[in-house]
Amino acid sequence: MLRALFLNACVLITLTYLLSLTYQRSPVSGEGGSLQRLVAFNVMGTVLLFFPAQLAPGVVLDLRAVPVLLVTLEYGLLPGLGIAASILSVRYLQGGAGVLPAALALLSVTVLAGAARRWVSLRMEDLVGRLFYWAFLLLLPYPLTLLLLPNGEAVFMRLGGPLVLFNAVGLLVCASILVGRFQALRALQHLTRQAEVDALTGLANRRRFNADLAQMDEQDALLLIDIDHFKRVNDTFGHAVGDEVLEEVARCLAEKVRTRDTVYRYGGEEFALILRRVESVRLVEVAERLRAAVEEHPLSMLGGGRVTVSIGVACYTREPALLERADAALYAAKRAGRNRVCVHPDVLHAFKSESGESSNSASGSLSPGVLEDRG
């Protein structure tokens, strides 16, 4: 029997480890593919039925409760009951005197885990560490169903304790494997964010910008935003105040964009903004709104004074050098007197394609500072 129990435990640990590798990012609760993962837990519990330890004629011991409890704690009671029902249907087909006790045992611990999840917010990670005793508490009803067997009281006295201990240890080991994976993913995500976030402003940094720039697609647009005469701020008020101005402008910009758009600290006093799925006819409207928001935003560190920004706009095309086109538009805005928006001719061409209007009509619609094509 010990050999069979050891084999059952090895199968469970191996399958749990393989399952843990399917988690690729944090937070794991937000990952796609939950249905596929539930199927994997179901397969795990079913496979364990084929490596049991024989306790008595028709009565077997295995770790089928472990994947059911893990699912219940991670995803909720209904998924847990679904997995339990699927596993029990296979157990029913196997037959034997222990089918009814097995069904009652698995369903009882599943309901208890669901209640603990709901009423005390118990999760898989809580099983590991100071709350390890929950693994034993959840399994306390498990051996009681042995009393339904012929000579059940003797079976219960002999096997009740080992049954709880075996399953509790299996639950703790598997929870530790999965939780270890979750913690590693969180640590990796934290390090990735640190590497891609500007320390001063909290915006995405140049490294993240370069990666996102390479992933831009049709209907995306790029805005380069530069604070006008920022050197005067540093020379007049000092670099510490200049840093506060950068933080405040960054906050102002970030508050004015959609969740799917990203503002970046491009370098120095320059910012970048990637707009996702935006109509070209609205680009100047968006850029003008950002420019006005900064201009109208009083800065306490400047005694209520304000700063202005110049913005260059370019939209994604199949032609390369998007960054250079946006930079050329920004240069044109500065050359035209600053505190204005200039768009690259690619925006005009995109607008013409969308509306079917002539280029002169498009130019009129995009009137706030149009960059002339310098050939």
# chains A, B, ... in the order shown; residues from 1 in each chain; ligands from 1
call {"tool": "residues_around", "arguments": {"residues": "Val155 (chain A)", "least_positions_apart": "6", "cutoff": "8 Å", "atoms": "only C-alpha atoms", "output": "count of residues only"}}
result
3
call {"tool": "residues_around", "arguments": {"residues": "Ser121 (chain A)", "least_positions_apart": "5", "cutoff": "12 Å", "atoms": "only C-alpha atoms", "output": "PyMOL selection string"}}
result
chain A and resi 72-74+76+113-116+126-127
call {"tool": "closest_atom_pairs", "arguments": {"of": "region 103-177 of chain A", "to": "region 40-56 of chain A", "cutoff": "12 Å", "atoms": "only C-alpha atoms", "output": "tab-separated table"}}
result
residue	atom	partner	partner_atom	distance
A:Leu106	CA	A:Gly45	CA	11.3
A:Leu146	CA	A:Leu55	CA	11.0
A:Leu149	CA	A:Ala56	CA	10.0
A:Pro150	CA	A:Ala56	CA	10.3
A:Asn151	CA	A:Ala56	CA	10.8
A:Gly152	CA	A:Ala56	CA	11.0
A:Ala154	CA	A:Ala56	CA	11.9
A:Val155	CA	A:Ala56	CA	9.0
A:Phe156	CA	A:Leu55	CA	11.3
A:Arg158	CA	A:Leu55	CA	10.4
A:Leu159	CA	A:Leu55	CA	8.5
A:Gly160	CA	A:Leu55	CA	11.5
A:Pro162	CA	A:Leu55	CA	11.5
A:Leu163	CA	A:Leu55	CA	10.5
A:Phe166	CA	A:Ala53	CA	11.7
A:Cys174	CA	A:Phe41	CA	11.8
call {"tool": "write_last_selection", "arguments": {"atoms": "N, CA and C atoms", "output": "PDB file, in the first residue's frame"}}
result
ATOM      1  N   LEU A 106     -15.705  13.806  -1.167  1.00  0.00           N
ATOM      2  CA  LEU A 106     -15.170  14.832  -2.066  1.00  0.00           C
ATOM      3  C   LEU A 106     -16.073  16.062  -2.107  1.00  0.00           C
ATOM      4  N   LEU A 146     -16.134   7.229   5.864  1.00  0.00           N
ATOM      5  CA  LEU A 146     -15.725   5.835   6.028  1.00  0.00           C
ATOM      6  C   LEU A 146     -16.703   5.071   6.926  1.00  0.00           C
ATOM      7  N   LEU A 149     -19.157   2.593   5.404  1.00  0.00           N
ATOM      8  CA  LEU A 149     -18.711   1.302   4.894  1.00  0.00           C
ATOM      9  C   LEU A 149     -19.085   0.179   5.856  1.00  0.00           C
ATOM     10  N   PRO A 150     -19.182  -1.046   5.352  1.00  0.00           N
ATOM     11  CA  PRO A 150     -19.319  -2.189   6.272  1.00  0.00           C
ATOM     12  C   PRO A 150     -18.133  -2.205   7.238  1.00  0.00           C
ATOM     13  N   ASN A 151     -18.432  -2.391   8.509  1.00  0.00           N
ATOM     14  CA  ASN A 151     -17.380  -2.323   9.531  1.00  0.00           C
ATOM     15  C   ASN A 151     -16.687  -0.962   9.482  1.00  0.00           C
ATOM     16  N   GLY A 152     -17.502   0.077   9.203  1.00  0.00           N
ATOM     17  CA  GLY A 152     -16.979   1.415   8.986  1.00  0.00           C
ATOM     18  C   GLY A 152     -16.277   2.012  10.190  1.00  0.00           C
ATOM     19  N   ALA A 154     -14.451   0.565  12.487  1.00  0.00           N
ATOM     20  CA  ALA A 154     -13.087   0.053  12.598  1.00  0.00           C
ATOM     21  C   ALA A 154     -12.198   0.645  11.502  1.00  0.00           C
ATOM     22  N   VAL A 155     -12.766   0.751  10.301  1.00  0.00           N
ATOM     23  CA  VAL A 155     -12.000   1.353   9.201  1.00  0.00           C
ATOM     24  C   VAL A 155     -11.673   2.804   9.508  1.00  0.00           C
ATOM     25  N   PHE A 156     -12.663   3.513  10.067  1.00  0.00           N
ATOM     26  CA  PHE A 156     -12.446   4.921  10.403  1.00  0.00           C
ATOM     27  C   PHE A 156     -11.355   5.075  11.456  1.00  0.00           C
ATOM     28  N   ARG A 158      -8.907   3.132  12.077  1.00  0.00           N
ATOM     29  CA  ARG A 158      -7.601   2.703  11.581  1.00  0.00           C
ATOM     30  C   ARG A 158      -7.053   3.642  10.509  1.00  0.00           C
ATOM     31  N   LEU A 159      -7.921   4.177   9.656  1.00  0.00           N
ATOM     32  CA  LEU A 159      -7.438   4.906   8.482  1.00  0.00           C
ATOM     33  C   LEU A 159      -7.813   6.394   8.459  1.00  0.00           C
ATOM     34  N   GLY A 160      -8.674   6.834   9.374  1.00  0.00           N
ATOM     35  CA  GLY A 160      -9.115   8.227   9.346  1.00  0.00           C
ATOM     36  C   GLY A 160      -7.964   9.216   9.441  1.00  0.00           C
ATOM     37  N   PRO A 162      -4.532   8.757   8.973  1.00  0.00           N
ATOM     38  CA  PRO A 162      -3.642   8.719   7.802  1.00  0.00           C
ATOM     39  C   PRO A 162      -4.272   9.317   6.544  1.00  0.00           C
ATOM     40  N   LEU A 163      -5.596   9.149   6.388  1.00  0.00           N
ATOM     41  CA  LEU A 163      -6.276   9.691   5.219  1.00  0.00           C
ATOM     42  C   LEU A 163      -6.186  11.223   5.197  1.00  0.00           C
ATOM     43  N   PHE A 166      -2.363  12.292   4.737  1.00  0.00           N
ATOM     44  CA  PHE A 166      -1.868  12.063   3.380  1.00  0.00           C
ATOM     45  C   PHE A 166      -2.365  13.152   2.431  1.00  0.00           C
ATOM     46  N   CYS A 174       1.489  20.655  -3.213  1.00  0.00           N
ATOM     47  CA  CYS A 174       1.033  21.173  -4.510  1.00  0.00           C
ATOM     48  C   CYS A 174       0.764  22.671  -4.447  1.00  0.00           C
TER      49      CYS A 174
END
call {"tool": "closest_atom_pairs", "arguments": {"of": "region 309-353 of chain A", "to": "region 244-268 of chain A", "cutoff": "12 Å", "atoms": "only C-alpha atoms", "output": "JSON lines"}}
result
{"residue": "A:Val309", "atom": "CA", "partner": "A:Val249", "partner_atom": "CA", "distance": 9.4}
{"residue": "A:Leu323", "atom": "CA", "partner": "A:Tyr266", "partner_atom": "CA", "distance": 11.4}
{"residue": "A:Asp327", "atom": "CA", "partner": "A:Tyr266", "partner_atom": "CA", "distance": 11.7}
call {"tool": "select_by_dssp", "arguments": {"residues": "region 139-169 of chain A", "states": "helix (DSSP H, G or I)", "output": "ChimeraX atom specification"}}
result
/A:142-148,152-169
call {"tool": "residues_around", "arguments": {"residues": "Arg181 (chain A)", "least_positions_apart": "6", "cutoff": "9 Å", "atoms": "only C-alpha atoms", "output": "PDB file with C-alpha atoms, in the first residue's frame"}}
result
ATOM      1  CA  SER A  20       2.451  25.471 -12.863  1.00  0.00           C
ATOM      2  CA  LEU A  21       4.497  26.077 -16.000  1.00  0.00           C
ATOM      3  CA  TYR A  23       1.115  30.236 -15.736  1.00  0.00           C
TER       4      TYR A  23
END
call {"tool": "atom_distance", "arguments": {"atom1": "CA of Leu139 (chain A)", "atom2": "CA of Glu125 (chain A)"}}
result
16.9 Å
call {"tool": "atom_distance", "arguments": {"atom1": "CA of Leu322 (chain A)", "atom2": "CA of Gln215 (chain A)"}}
result
12.0 Å
call {"tool": "residues_around", "arguments": {"residues": "Gly80 (chain A)", "least_positions_apart": "4", "cutoff": "7 Å", "atoms": "only C-alpha atoms", "output": "list in words"}}
result
Val68, Leu69, Val71, Thr72, Gly76, Ala84 and Thr110 of chain A
call {"tool": "write_last_selection", "arguments": {"atoms": "N, CA and C atoms", "output": "compact mmCIF listing (two decimals), in the first residue's frame"}}
result
# COMPACT_ATOMS: atom_id res chain seq x y z
N VAL A 68 -9.16 19.28 -6.71
CA VAL A 68 -10.49 19.87 -6.51
C VAL A 68 -10.41 21.03 -5.52
N LEU A 69 -9.68 20.84 -4.42
CA LEU A 69 -9.53 21.90 -3.43
C LEU A 69 -8.75 23.09 -4.00
N VAL A 71 -8.65 24.07 -7.12
CA VAL A 71 -9.56 24.79 -8.02
C VAL A 71 -10.57 25.61 -7.23
N THR A 72 -11.12 25.03 -6.18
CA THR A 72 -12.13 25.73 -5.39
C THR A 72 -11.54 26.97 -4.75
N GLY A 76 -13.21 29.30 -7.21
CA GLY A 76 -14.54 29.39 -6.60
C GLY A 76 -15.22 28.03 -6.47
N ALA A 84 -15.17 18.22 -9.28
CA ALA A 84 -15.50 17.08 -8.41
C ALA A 84 -16.48 16.15 -9.09
N THR A 110 -15.19 19.95 -0.74
CA THR A 110 -15.30 21.00 -1.74
C THR A 110 -16.19 22.13 -1.24
call {"tool": "residues_around", "arguments": {"residues": "region 283-287 of chain A", "least_positions_apart": "3", "cutoff": "9 Å", "atoms": "only C-alpha atoms", "output": "list in words"}}
result
Ala221, Leu223, Val257, Leu275, Val278, Glu279, Ser280, Leu290, Arg291, Ala292, Ile311, Gly312, Val313, Ala314, Cys315, Val341, Cys342, Val343, Val347, Leu366, Ser367 and Pro368 of chain A
call {"tool": "write_last_selection", "arguments": {"atoms": "N, CA and C atoms", "output": "PDB file, in the first residue's frame"}}
result
ATOM      1  N   ALA A 221      -1.069  56.144 -33.593  1.00  0.00           N
ATOM      2  CA  ALA A 221      -0.412  57.420 -33.865  1.00  0.00           C
ATOM      3  C   ALA A 221       0.612  57.716 -32.779  1.00  0.00           C
ATOM      4  N   LEU A 223       2.693  60.881 -30.785  1.00  0.00           N
ATOM      5  CA  LEU A 223       2.840  62.288 -30.456  1.00  0.00           C
ATOM      6  C   LEU A 223       4.137  62.474 -29.681  1.00  0.00           C
ATOM      7  N   VAL A 257      -5.405  60.796 -21.085  1.00  0.00           N
ATOM      8  CA  VAL A 257      -5.407  59.799 -22.151  1.00  0.00           C
ATOM      9  C   VAL A 257      -6.248  58.589 -21.744  1.00  0.00           C
ATOM     10  N   LEU A 275      -0.946  56.605 -29.267  1.00  0.00           N
ATOM     11  CA  LEU A 275      -2.400  56.479 -29.286  1.00  0.00           C
ATOM     12  C   LEU A 275      -2.771  55.228 -30.074  1.00  0.00           C
ATOM     13  N   VAL A 278      -6.923  55.181 -33.183  1.00  0.00           N
ATOM     14  CA  VAL A 278      -7.502  56.527 -33.190  1.00  0.00           C
ATOM     15  C   VAL A 278      -7.680  56.979 -34.637  1.00  0.00           C
ATOM     16  N   GLU A 279      -8.791  57.623 -34.935  1.00  0.00           N
ATOM     17  CA  GLU A 279      -9.035  58.141 -36.275  1.00  0.00           C
ATOM     18  C   GLU A 279      -8.130  59.337 -36.527  1.00  0.00           C
ATOM     19  N   SER A 280      -7.583  59.407 -37.732  1.00  0.00           N
ATOM     20  CA  SER A 280      -6.648  60.491 -38.041  1.00  0.00           C
ATOM     21  C   SER A 280      -7.300  61.860 -37.917  1.00  0.00           C
ATOM     22  N   LEU A 290      -4.518  68.029 -25.137  1.00  0.00           N
ATOM     23  CA  LEU A 290      -3.370  67.835 -24.255  1.00  0.00           C
ATOM     24  C   LEU A 290      -2.581  69.138 -24.084  1.00  0.00           C
ATOM     25  N   ARG A 291      -2.365  69.831 -25.191  1.00  0.00           N
ATOM     26  CA  ARG A 291      -1.619  71.090 -25.125  1.00  0.00           C
ATOM     27  C   ARG A 291      -2.334  72.088 -24.220  1.00  0.00           C
ATOM     28  N   ALA A 292      -3.664  72.214 -24.395  1.00  0.00           N
ATOM     29  CA  ALA A 292      -4.437  73.151 -23.589  1.00  0.00           C
ATOM     30  C   ALA A 292      -4.445  72.735 -22.116  1.00  0.00           C
ATOM     31  N   ILE A 311       3.834  70.131 -29.627  1.00  0.00           N
ATOM     32  CA  ILE A 311       3.491  68.732 -29.921  1.00  0.00           C
ATOM     33  C   ILE A 311       3.631  68.470 -31.419  1.00  0.00           C
ATOM     34  N   GLY A 312       4.343  67.390 -31.727  1.00  0.00           N
ATOM     35  CA  GLY A 312       4.432  66.915 -33.096  1.00  0.00           C
ATOM     36  C   GLY A 312       3.660  65.627 -33.250  1.00  0.00           C
ATOM     37  N   VAL A 313       2.880  65.518 -34.320  1.00  0.00           N
ATOM     38  CA  VAL A 313       1.976  64.391 -34.509  1.00  0.00           C
ATOM     39  C   VAL A 313       2.307  63.662 -35.808  1.00  0.00           C
ATOM     40  N   ALA A 314       2.373  62.346 -35.737  1.00  0.00           N
ATOM     41  CA  ALA A 314       2.524  61.521 -36.934  1.00  0.00           C
ATOM     42  C   ALA A 314       1.713  60.258 -36.724  1.00  0.00           C
ATOM     43  N   CYS A 315       1.178  59.718 -37.812  1.00  0.00           N
ATOM     44  CA  CYS A 315       0.397  58.496 -37.689  1.00  0.00           C
ATOM     45  C   CYS A 315       1.142  57.336 -38.339  1.00  0.00           C
ATOM     46  N   VAL A 341       0.463  72.752 -31.917  1.00  0.00           N
ATOM     47  CA  VAL A 341       0.468  71.387 -32.455  1.00  0.00           C
ATOM     48  C   VAL A 341       0.783  71.456 -33.938  1.00  0.00           C
ATOM     49  N   CYS A 342       1.690  70.628 -34.383  1.00  0.00           N
ATOM     50  CA  CYS A 342       1.960  70.476 -35.811  1.00  0.00           C
ATOM     51  C   CYS A 342       1.835  69.010 -36.190  1.00  0.00           C
ATOM     52  N   VAL A 343       1.276  68.774 -37.359  1.00  0.00           N
ATOM     53  CA  VAL A 343       1.096  67.403 -37.815  1.00  0.00           C
ATOM     54  C   VAL A 343       1.926  67.174 -39.060  1.00  0.00           C
ATOM     55  N   VAL A 347      -0.493  62.506 -41.716  1.00  0.00           N
ATOM     56  CA  VAL A 347      -1.806  62.611 -41.097  1.00  0.00           C
ATOM     57  C   VAL A 347      -2.821  63.113 -42.115  1.00  0.00           C
ATOM     58  N   LEU A 366      -7.429  70.120 -40.381  1.00  0.00           N
ATOM     59  CA  LEU A 366      -6.312  69.925 -39.479  1.00  0.00           C
ATOM     60  C   LEU A 366      -5.500  71.200 -39.361  1.00  0.00           C
ATOM     61  N   SER A 367      -6.203  72.292 -39.165  1.00  0.00           N
ATOM     62  CA  SER A 367      -5.580  73.596 -39.269  1.00  0.00           C
ATOM     63  C   SER A 367      -4.571  73.949 -38.196  1.00  0.00           C
ATOM     64  N   PRO A 368      -4.629  73.460 -36.964  1.00  0.00           N
ATOM     65  CA  PRO A 368      -3.702  73.933 -35.940  1.00  0.00           C
ATOM     66  C   PRO A 368      -2.267  73.497 -36.215  1.00  0.00           C
TER      67      PRO A 368
END
call {"tool": "select_by_dssp", "arguments": {"residues": "region 56-286 of chain A", "states": "strand (DSSP E)", "output": "list in words"}}
result
Ala56, Val59, Val60, Leu61, Ala221, Leu222, Leu223, Leu224, Ile225, Asp226, Ile227, Thr262, Val263, Tyr264, Arg265, Tyr266, Gly267, Glu270, Phe271, Ala272, Leu273, Ile274 and Leu275 of chain A
call {"tool": "atom_distance", "arguments": {"atom1": "CA of Leu148 (chain A)", "atom2": "CA of Leu7 (chain A)"}}
result
27.2 Å
call {"tool": "residues_around", "arguments": {"residues": "Leu107 (chain A)", "least_positions_apart": "4", "cutoff": "9 Å", "atoms": "only C-alpha atoms", "output": "MDAnalysis selection string"}}
result
chainID A and resid 81 84:85 102:103 111:112
